[in-house]
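File shown: run_20.cif. Contents: mmCIF, C-alpha atoms.
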```cif
data_query
loop_
_atom_site.group_PDB
_atom_site.id
_atom_site.type_symbol
_atom_site.label_atom_id
_atom_site.label_comp_id
_atom_site.auth_asym_id
_atom_site.auth_seq_id
_atom_site.Cartn_x
_atom_site.Cartn_y
_atom_site.Cartn_z
ATOM 1 C CA THR A 1 221.996 42.561 271.797
ATOM 2 C CA LEU A 2 225.144 44.010 273.348
ATOM 3 C CA PRO A 3 227.016 40.683 273.649
ATOM 4 C CA THR A 4 226.442 39.659 270.020
ATOM 5 C CA ASN A 5 227.288 43.150 268.732
ATOM 6 C CA ALA A 6 230.496 43.004 270.747
ATOM 7 C CA GLY A 7 231.259 39.628 269.203
ATOM 8 C CA LYS A 8 230.756 40.879 265.642
ATOM 9 C CA ALA A 9 232.900 43.949 266.308
ATOM 10 C CA LEU A 10 235.675 41.819 267.815
ATOM 11 C CA VAL A 11 235.762 39.572 264.733
ATOM 12 C CA VAL A 12 236.271 42.550 262.404
ATOM 13 C CA ILE A 13 238.740 44.375 264.667
ATOM 14 C CA THR A 14 240.851 41.246 265.163
ATOM 15 C CA ALA A 15 241.113 40.678 261.410
ATOM 16 C CA LEU A 16 242.113 44.299 260.813
ATOM 17 C CA VAL A 17 244.689 44.366 263.609
ATOM 18 C CA ALA A 18 246.165 41.019 262.566
ATOM 19 C CA GLY A 19 246.300 42.121 258.941
ATOM 20 C CA ILE A 20 244.568 38.990 257.664
ATOM 21 C CA ALA A 21 241.683 38.509 255.237
ATOM 22 C CA LEU A 22 238.338 39.483 256.693
ATOM 23 C CA PRO A 23 236.144 36.437 257.393
ATOM 24 C CA LEU A 24 233.222 38.549 256.127
ATOM 25 C CA THR A 25 233.085 41.217 253.455
ATOM 26 C CA ALA A 26 231.623 44.660 254.138
ATOM 27 C CA VAL A 27 228.420 43.712 252.270
ATOM 28 C CA GLN A 28 228.089 40.509 254.293
ATOM 29 C CA ILE A 29 228.530 42.406 257.571
ATOM 30 C CA LEU A 30 225.815 44.812 256.442
ATOM 31 C CA TRP A 31 223.585 41.834 255.604
ATOM 32 C CA VAL A 32 224.092 40.279 259.048
ATOM 33 C CA ASN A 33 223.286 43.546 260.799
ATOM 34 C CA LEU A 34 220.192 43.982 258.640
ATOM 35 C CA ILE A 35 218.764 40.474 258.861
ATOM 36 C CA THR A 36 219.552 39.807 262.515
ATOM 37 C CA GLY A 37 219.261 43.351 263.871
ATOM 38 C CA ILE A 38 215.714 43.842 262.633
ATOM 39 C CA THR A 39 214.304 40.327 262.928
ATOM 40 C CA LEU A 40 215.828 39.351 266.272
ATOM 41 C CA GLY A 41 214.853 42.727 267.714
ATOM 42 C CA LEU A 42 211.304 42.080 266.525
ATOM 43 C CA ALA A 43 211.282 38.660 268.177
ATOM 44 C CA LEU A 44 212.396 40.066 271.533
ATOM 45 C CA ALA A 45 209.864 42.915 271.285
ATOM 46 C CA PHE A 46 207.000 40.399 271.215
ATOM 47 C CA GLU A 47 208.529 38.062 273.775
ATOM 48 C CA PRO A 48 206.507 37.676 276.998
ATOM 49 C CA THR A 49 208.176 38.490 280.317
ATOM 50 C CA GLU A 50 210.148 35.707 281.959
ATOM 51 C CA ALA A 51 208.421 33.787 284.723
ATOM 52 C CA GLY A 52 209.226 35.214 288.150
ATOM 53 C CA THR A 53 210.103 38.685 286.848
ATOM 54 C CA MET A 54 207.836 40.446 289.350
ATOM 55 C CA ALA A 55 209.318 38.410 292.204
ATOM 56 C CA ARG A 56 212.811 39.719 291.573
ATOM 57 C CA PRO A 57 213.845 42.791 293.581
ATOM 58 C CA PRO A 58 214.155 46.064 291.633
ATOM 59 C CA ARG A 59 217.567 47.225 290.482
ATOM 60 C CA ARG A 60 219.250 49.637 292.890
ATOM 61 C CA ARG A 61 219.138 53.273 291.786
ATOM 62 C CA ASN A 62 222.925 53.566 292.041
ATOM 63 C CA ALA A 63 223.605 50.277 290.234
ATOM 64 C CA PRO A 64 225.693 50.629 287.051
ATOM 65 C CA ILE A 65 223.965 50.065 283.708
ATOM 66 C CA LEU A 66 226.516 47.400 282.824
ATOM 67 C CA SER A 67 226.763 45.055 285.798
ATOM 68 C CA GLY A 68 229.771 42.861 286.372
ATOM 69 C CA GLU A 69 227.721 39.817 285.310
ATOM 70 C CA LEU A 70 226.722 41.447 282.025
ATOM 71 C CA VAL A 71 230.305 42.494 281.297
ATOM 72 C CA LEU A 72 231.566 38.960 281.933
ATOM 73 C CA HIS A 73 228.820 37.546 279.710
ATOM 74 C CA MET A 74 229.719 40.011 276.956
ATOM 75 C CA VAL A 75 233.380 38.991 277.172
ATOM 76 C CA LEU A 76 232.462 35.299 277.034
ATOM 77 C CA VAL A 77 230.086 35.694 274.078
ATOM 78 C CA ALA A 78 232.524 37.926 272.169
ATOM 79 C CA ALA A 79 235.348 35.420 272.720
ATOM 80 C CA LEU A 80 233.164 32.518 271.578
ATOM 81 C CA PHE A 81 232.028 34.457 268.499
ATOM 82 C CA LEU A 82 235.657 35.172 267.667
ATOM 83 C CA ALA A 83 236.721 31.552 268.143
ATOM 84 C CA ALA A 84 233.777 30.104 266.209
ATOM 85 C CA VAL A 85 233.856 32.466 263.224
ATOM 86 C CA PHE A 86 237.635 32.449 262.817
ATOM 87 C CA GLY A 87 237.729 28.729 263.540
ATOM 88 C CA MET A 88 235.277 27.932 260.745
ATOM 89 C CA PHE A 89 236.960 30.446 258.422
ATOM 90 C CA THR A 90 240.372 28.889 259.038
ATOM 91 C CA TYR A 91 238.932 25.389 258.697
ATOM 92 C CA ALA A 92 237.575 26.285 255.243
ATOM 93 C CA LEU A 93 240.847 27.843 254.071
ATOM 94 C CA ASP A 94 242.856 24.879 255.362
ATOM 95 C CA ARG A 95 240.676 22.576 253.273
ATOM 96 C CA GLY A 96 241.609 24.567 250.202
ATOM 97 C CA TYR A 97 238.248 26.265 249.776
ATOM 98 C CA PRO A 98 238.270 29.525 247.814
ATOM 99 C CA LEU A 99 238.052 32.711 249.887
ATOM 100 C CA PRO A 100 234.387 33.463 248.934
ATOM 101 C CA LEU A 101 233.310 30.005 250.157
ATOM 102 C CA ALA A 102 235.297 30.384 253.381
ATOM 103 C CA GLN A 103 233.608 33.753 253.945
ATOM 104 C CA THR A 104 230.200 32.203 253.239
ATOM 105 C CA ILE A 105 230.818 29.562 255.903
ATOM 106 C CA ALA A 106 231.924 32.282 258.342
ATOM 107 C CA LEU A 107 228.813 34.320 257.483
ATOM 108 C CA ASN A 108 226.490 31.400 258.172
ATOM 109 C CA THR A 109 228.346 30.598 261.385
ATOM 110 C CA LEU A 110 227.830 34.143 262.630
ATOM 111 C CA VAL A 111 224.101 34.078 261.872
ATOM 112 C CA VAL A 112 223.656 30.669 263.511
ATOM 113 C CA LEU A 113 225.408 31.934 266.647
ATOM 114 C CA GLU A 114 223.045 34.902 266.793
ATOM 115 C CA VAL A 115 219.992 32.646 266.475
ATOM 116 C CA PHE A 116 221.207 30.371 269.275
ATOM 117 C CA HIS A 117 221.937 33.424 271.426
ATOM 118 C CA LEU A 118 218.346 34.566 270.875
ATOM 119 C CA PHE A 119 217.058 31.393 272.543
ATOM 120 C CA PHE A 120 219.498 31.909 275.393
ATOM 121 C CA ILE A 121 218.795 35.604 276.049
ATOM 122 C CA ARG A 122 215.046 34.965 276.272
ATOM 123 C CA ASN A 123 215.602 33.041 279.528
ATOM 124 C CA ILE A 124 218.735 34.603 280.974
ATOM 125 C CA HIS A 125 217.315 34.475 284.529
ATOM 126 C CA GLY A 126 216.236 30.839 284.223
ATOM 127 C CA THR A 127 216.963 27.942 281.907
ATOM 128 C CA SER A 128 216.552 27.583 278.177
ATOM 129 C CA LEU A 129 216.502 23.773 278.396
ATOM 130 C CA THR A 130 212.752 23.339 278.931
ATOM 131 C CA TRP A 131 209.934 22.538 276.543
ATOM 132 C CA ALA A 132 208.282 25.911 277.221
ATOM 133 C CA ALA A 133 211.540 27.751 276.494
ATOM 134 C CA ALA A 134 212.202 25.773 273.325
ATOM 135 C CA ARG A 135 208.641 26.257 272.116
ATOM 136 C CA GLY A 136 208.877 30.022 272.613
ATOM 137 C CA THR A 137 206.339 32.224 270.944
ATOM 138 C CA LYS A 138 205.010 32.195 267.399
ATOM 139 C CA VAL A 139 206.956 35.356 266.590
ATOM 140 C CA VAL A 140 210.245 33.779 267.681
ATOM 141 C CA TRP A 141 209.787 30.778 265.406
ATOM 142 C CA ILE A 142 208.562 32.932 262.541
ATOM 143 C CA VAL A 143 211.740 35.006 262.883
ATOM 144 C CA VAL A 144 213.957 31.901 263.028
ATOM 145 C CA ILE A 145 212.292 30.474 259.913
ATOM 146 C CA ALA A 146 212.633 33.833 258.148
ATOM 147 C CA ILE A 147 216.341 34.110 259.003
ATOM 148 C CA THR A 148 216.982 30.499 257.964
ATOM 149 C CA SER A 149 215.168 31.026 254.659
ATOM 150 C CA ALA A 150 217.091 34.237 254.011
ATOM 151 C CA GLN A 151 220.416 32.522 254.711
ATOM 152 C CA PHE A 152 219.565 29.655 252.373
ATOM 153 C CA ALA A 153 218.700 32.235 249.714
ATOM 154 C CA VAL A 154 221.939 34.224 249.969
ATOM 155 C CA THR A 155 223.939 30.980 250.092
ATOM 156 C CA TYR A 156 222.359 29.145 247.171
ATOM 157 C CA VAL A 157 220.428 31.571 244.916
ATOM 158 C CA PRO A 158 222.771 32.670 242.080
ATOM 159 C CA PHE A 159 221.831 36.344 241.787
ATOM 160 C CA LEU A 160 222.070 36.800 245.563
ATOM 161 C CA GLN A 161 225.421 35.014 245.514
ATOM 162 C CA ARG A 162 226.667 37.634 243.069
ATOM 163 C CA ILE A 163 225.440 40.478 245.280
ATOM 164 C CA LEU A 164 226.883 39.178 248.556
ATOM 165 C CA GLY A 165 229.884 37.325 247.129
ATOM 166 C CA THR A 166 228.771 33.963 248.529
ATOM 167 C CA GLN A 167 229.117 30.383 247.309
ATOM 168 C CA ALA A 168 227.064 27.245 247.915
ATOM 169 C CA VAL A 169 227.979 25.393 251.130
ATOM 170 C CA SER A 170 227.977 21.592 251.229
ATOM 171 C CA VAL A 171 225.544 19.701 253.461
ATOM 172 C CA ALA A 172 228.399 18.421 255.621
ATOM 173 C CA ASP A 173 229.785 21.923 256.188
ATOM 174 C CA GLY A 174 226.282 23.235 256.857
ATOM 175 C CA LEU A 175 225.759 20.605 259.551
ATOM 176 C CA LEU A 176 229.147 21.508 261.026
ATOM 177 C CA VAL A 177 228.066 25.156 261.241
ATOM 178 C CA VAL A 178 224.909 24.152 263.139
ATOM 179 C CA ALA A 179 226.976 21.905 265.436
ATOM 180 C CA VAL A 180 229.261 24.842 266.267
ATOM 181 C CA GLY A 181 226.159 26.878 267.131
ATOM 182 C CA ALA A 182 224.895 24.111 269.409
ATOM 183 C CA ILE A 183 228.257 23.947 271.221
ATOM 184 C CA PHE A 184 228.184 27.731 271.641
ATOM 185 C CA PHE A 185 224.681 27.491 273.134
ATOM 186 C CA ALA A 186 225.754 24.721 275.518
ATOM 187 C CA ILE A 187 228.716 26.741 276.802
ATOM 188 C CA ILE A 188 226.740 29.919 277.518
ATOM 189 C CA GLU A 189 223.908 27.910 279.083
ATOM 190 C CA ILE A 190 226.362 26.151 281.392
ATOM 191 C CA GLU A 191 227.848 29.536 282.333
ATOM 192 C CA ASN A 192 224.336 30.835 283.022
ATOM 193 C CA GLN A 193 223.439 27.897 285.274
ATOM 194 C CA ILE A 194 226.695 28.264 287.218
ATOM 195 C CA ARG A 195 225.977 31.963 287.715
ATOM 196 C CA LEU A 196 222.400 31.313 288.852
ATOM 197 C CA GLY A 197 223.600 28.543 291.166
ATOM 198 C CA LEU A 198 226.088 30.899 292.813
ATOM 199 C CA LYS A 199 223.328 33.472 293.253
ATOM 200 C CA ARG A 200 221.083 30.934 294.954
ATOM 201 C CA THR A 201 223.951 29.868 297.229
ATOM 202 C CA GLU A 202 224.580 33.496 298.217
ATOM 203 C CA GLY A 203 220.886 33.966 298.894
ATOM 204 C CA TRP A 204 220.726 30.935 301.161
ATOM 205 C CA ALA A 205 223.883 32.082 302.986
ATOM 206 C CA LYS A 206 222.357 35.531 303.624
ATOM 207 C CA GLY A 207 219.057 33.967 304.653
#
```
Take the structure in the file and give it back as structure tokens.
Amino acid sequence: TLPTNAGKALVVITALVAGIALPLTAVQILWVNLITGITLGLALAFEPTEAGTMARPPRRRNAPILSGELVLHMVLVAALFLAAVFGMFTYALDRGYPLPLAQTIALNTLVVLEVFHLFFIRNIHGTSLTWAAARGTKVVWIVVIAITSAQFAVTYVPFLQRILGTQAVSVADGLLVVAVGAIFFAIIEIENQIRLGLKRTEGWAKG
């Protein structure tokens, strides 16, 4: 999606501009784009339409493709991606981890953020905090399981470690990565509910 692509681009650009070590190698960036670009796109392709879609008014013909709301959401997601990936990367380096391990933690953080954003973007006009939203469709969960399995493989399987330059991540650090993803999800969900609440207030005021 546009917000997550903006986030990934911002991570790389910031590292280059600041002249610091990249939190992900070129091969790892290619891996993320491959595994998430194809699989998450597949999940959204088979996703049923949100409830209430037909009740929403059509977009105005003169409305810009990128609305102000979408731009603000992109900025928020990109900033959170930047903070989370660089935060975990810096955390690993500060603990004395070797650079490949720090990059592996950053890689897994980025993928986890993308998975959490998938669950958010499926219900951008409603709430993701319902049983129906969490249950999703079979394709969504198949994709999540596939991505998780692939990340475990590139993190722990020796020949894949050699290809992607990764190292095994401890259980504690793995749980920390998932916790960062959960915090990211909570922040964007809160932002979404505030935005929807303001829309409802405007609608009542006009009514």
>> Under the PyMOL selection byres ((chain A and resi 92) around 9), which residues of this model are included? Write them out as a PyMOL selection string.
In response: chain A and resi 87-91+93-99+101-103+105-106+173
>> Since I can't run it myself right now, could you work out what the PyMOL selection byres ((chain A and resi 165) around 12) selects here and report it as an MDAnalysis selection string?
In response: chainID A and resid 24:29 31 98:105 107 154:164 166:168
>> From the options A:Gly181, A:Gly37, A:Gly197, A:Gly174, which residue's atoms come nearest to Val143 of chain A, counting only C-alpha atoms?
In response: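 Nearest to Val143 of chain A: A:Gly37.
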> In Å to one decimal, how far is atom CA of Ala9 of chain A from atom CA of Val32 of chain A?
Replying inline: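 These two atoms are separated by 12.0 Å.
Closest to Phe184 of chain A among A:Phe152, A:Phe86, A:Phe116, A:Trp141 is A:Phe116, based on only C-alpha atoms.
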>> Assuming the chain letters and numbering stay as they are in my file, what does the PyMOL selection byres ((chain A and resi 14) around 12) actually select? List them as a ChimeraX atom specification.
In response: /A:6-13,15-23,78-79,81-83,85-86
Save the residues we just selected, C-alpha atoms, as a PDB file, in the coordinates of the input?
```pdb
ATOM      1  CA  ALA A   6     230.496  43.004 270.747  1.00  0.00           C
ATOM      2  CA  GLY A   7     231.259  39.628 269.203  1.00  0.00           C
ATOM      3  CA  LYS A   8     230.756  40.879 265.642  1.00  0.00           C
ATOM      4  CA  ALA A   9     232.900  43.949 266.308  1.00  0.00           C
ATOM      5  CA  LEU A  10     235.675  41.819 267.815  1.00  0.00           C
ATOM      6  CA  VAL A  11     235.762  39.572 264.733  1.00  0.00           C
ATOM      7  CA  VAL A  12     236.271  42.550 262.404  1.00  0.00           C
ATOM      8  CA  ILE A  13     238.740  44.375 264.667  1.00  0.00           C
ATOM      9  CA  ALA A  15     241.113  40.678 261.410  1.00  0.00           C
ATOM     10  CA  LEU A  16     242.113  44.299 260.813  1.00  0.00           C
ATOM     11  CA  VAL A  17     244.689  44.366 263.609  1.00  0.00           C
ATOM     12  CA  ALA A  18     246.165  41.019 262.566  1.00  0.00           C
ATOM     13  CA  GLY A  19     246.300  42.121 258.941  1.00  0.00           C
ATOM     14  CA  ILE A  20     244.568  38.990 257.664  1.00  0.00           C
ATOM     15  CA  ALA A  21     241.683  38.509 255.237  1.00  0.00           C
ATOM     16  CA  LEU A  22     238.338  39.483 256.693  1.00  0.00           C
ATOM     17  CA  PRO A  23     236.144  36.437 257.393  1.00  0.00           C
ATOM     18  CA  ALA A  78     232.524  37.926 272.169  1.00  0.00           C
ATOM     19  CA  ALA A  79     235.348  35.420 272.720  1.00  0.00           C
ATOM     20  CA  PHE A  81     232.028  34.457 268.499  1.00  0.00           C
ATOM     21  CA  LEU A  82     235.657  35.172 267.667  1.00  0.00           C
ATOM     22  CA  ALA A  83     236.721  31.552 268.143  1.00  0.00           C
ATOM     23  CA  VAL A  85     233.856  32.466 263.224  1.00  0.00           C
ATOM     24  CA  PHE A  86     237.635  32.449 262.817  1.00  0.00           C
TER      25      PHE A  86
END
```
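Interatomic distance, atom CA of Ala186 of chain A against atom CA of Glu69 of chain A: 18.1 Å.
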